Each structure stands twice: as structure tokens, then as C-alpha cells.
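Undergrad: Before I ask anything, let me first share the structure, which is written out below as C-alpha cells.
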Amino acid sequence: MTIEISASTVAWYAAIVATLSAIVSAYNILRDRAKLKIAVRPNMKFYPEEPPYGDKTYVVVTVTNVGRRPITVTHVWFETPNKADEKMLLADSVKHGSREIGEGKWADYPCVQDQLPASLQYVCVSDSTGRTHRKRLSKEVRKAIGASNSEAQNSEEG
């Protein structure tokens with residue numbers, strides 16, 4: 001008994017295998033790309049109240065690597081909706097230098113809350129490849145920053 005395989009059968013088999021291989025490769029490329037999760041938490045205090053943090057209230061920006069490859073974070077800053085305004089670079093992102101964040105790891109960047117303007121809309125993170133990851137601040141965060149600013153102004157006036 002002989003099995004005959006036609007040229008069209010071989011061609012179809014090759015086309016199917018090549019297509020499946022391309023799909024798997026595309027999936028792996030998308031899965032392995034850089035992915036950051038940015039969380040902003042207002043009204044945070046450090047315990048125990050020791051220098052350099054003291055009893056101030058902070059906004060803490062947490063940058064988490066949810067991708068499969070390490071990412072080096074170079075800068076973290078806040079932006080307003082007006083592009084002409086100055087951007088507010090977080091001192092911790094400069095003071096400690098670039099931070100490599102491995103798979104599933106995170107880095108925190110604290111900022112004194114009452115020193116932030118209420119007009120902030122975005123937090124941005126840049127990595128060593130030049131890519132900028134941007135997240136819109138939630139209403140709760142903007143409200144906490146605005147309330148903190150009004151309290152700071154009231155304490156300065158009174």
C-alpha cells in the first residue's frame with residue numbers, strides 16, 4: 001500500500017504551519033513588550049515620623065512592571081492639561097537616579113502633597129528607551145491635592 005501526497009496537500013500544510021508560526025510569534029512579541037502600571041495614592045504618611053519625611057502628607061506614585069522584561073525608569077513627573085505649563089519632575093526620580101524594575105517589582109516615588117498645584121491632570125513615567133507612559137489622575141486624587149492646597153493656604157494665612 002502506497003500513500004500518495006499531492007503537491008497541493010504539501011502546499012496547504014506549509015501554509016497552515018507558517019500561519020500558525022506567525023501568530024505565535026506575534027503573540028510572543030506582544031506579551032514580552034514593556035508594560036507599566038502606574039498608581040497614584042494621595043494622603044499618605046510615613047511611619048515612624050522620622051527625617052527626611054517627618055509628619056507631612058504625601059502623594060505616592062507607584063510604578064509597577066507588569067511585563068515580562070525588566071524596565072529602567074528614568075523620570076517621573078506630573079503634567080497639567082496646558083502643554084505650555086511647566087512639568088513637575090519628582091525629586092526622587094532624579095535623586096536616586098534611574099531604577100531598573102524587574103518583572104513583578106515596583107518602585108515608589110513620594111511627593112509632598114501640599115506643594116502640588118490643584119491643576120494637575122496626568123502623571124508620566126519615562127523609561128530608558130525613551131517611551132513615555134502616561135496616566136490621567138483620578139478625580140479622588142485631584143480632589144485630595146486641591147483640598148491639601150486649600151488647607152496649606154489657610155494655615156499660611158492664619
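Ordering of the C-alpha cells sets the chain letters (A, B, ...), residue numbers begin anew at 1 in every chain, and ligands are numbered from 1 in the order given.
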Can you list, as a PyMOL selection string, all residues belonging to segment 43-154 of chain A that DSSP tags as alpha helix (DSSP H)?
TA: chain A and resi 91-95+139-154
Undergrad: Set the distance at 9 Å and use only C-alpha atoms: which residues neighbour segment 87-104 of chain A once local chain neighbours fewer than 4 positions away are removed? I'd like the list as a PyMOL selection string.
TA: chain A and resi 63-80+83+108-111+116+127-128
Undergrad: Contacts of segment 131-137 of chain A at 10 Å or less, counting only C-alpha atoms, minus same-chain residues fewer than 2 places along, as a VMD selection string?
TA: chain A and resid 34 to 41 73 75 to 79 81 120 to 129 139 to 143
Undergrad: Given only C-alpha atoms as the basis, pick out the residue of A:Thr62, A:Ala107, A:Met44, A:Ala15 nearest to Ala144 of chain A.
TA: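 Among the listed residues, the smallest separation from Ala144 of chain A belongs to A:Met44.
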Undergrad: I'd like the contact shell of Ile145 of chain A - 8 Å cut-off, only C-alpha atoms, skipping same-chain residues fewer than 4 positions apart - returned as a PyMOL selection string.
TA: chain A and resi 42+113-114+116-118+141+149
Undergrad: Just the selected residues (C-alpha atoms), exported as a CSV table (one decimal), in the first residue's frame, please.
TA:
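Written output follows (again-v2.csv):
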```csv
chain,number,residue,atom,x,y,z
A,42,PRO,CA,-2.8,60.6,47.9
A,113,GLN,CA,1.1,66.7,48.6
A,114,ASP,CA,0.5,70.4,49.7
A,116,LEU,CA,1.4,70.3,44.2
A,117,PRO,CA,-0.9,72.6,42.2
A,118,ALA,CA,-4.6,71.6,42.0
A,141,VAL,CA,-6.6,62.2,43.7
A,149,ASN,CA,-3.6,73.0,48.9
```
Undergrad: Considering only C-alpha atoms, can you say which of A:Thr57, A:Lys105, A:Ala22, A:Pro52 comes closest to Ala147 of chain A?
TA: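 Residue with the minimum atom-to-atom distance to Ala147 of chain A: A:Thr57.
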Undergrad: In chain A, what's strand (DSSP E) per DSSP? Answer as a ChimeraX atom specification?
TA: /A:36-44,58-65,71-79,88-89,99-101,106-112,122-127,132-136
Undergrad: Any idea what the distance is between atom CA of Val61 of chain A and atom CA of Ser148 of chain A?
TA: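 Spanning atom CA of Val61 of chain A to atom CA of Ser148 of chain A is a straight-line distance of 16.8 Å.
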Undergrad: What does the distance between atom CA of Val24 of chain A and atom CA of Ile5 of chain A come to in Å, to one decimal place?
TA: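 Going from atom CA of Val24 of chain A over to atom CA of Ile5 of chain A covers 27.3 Å.
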Undergrad: So how many Å separate atom CA of Glu86 of chain A and atom CA of Tyr53 of chain A, to one decimal?
TA: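 Atom CA of Tyr53 of chain A lies 25.2 Å from atom CA of Glu86 of chain A.
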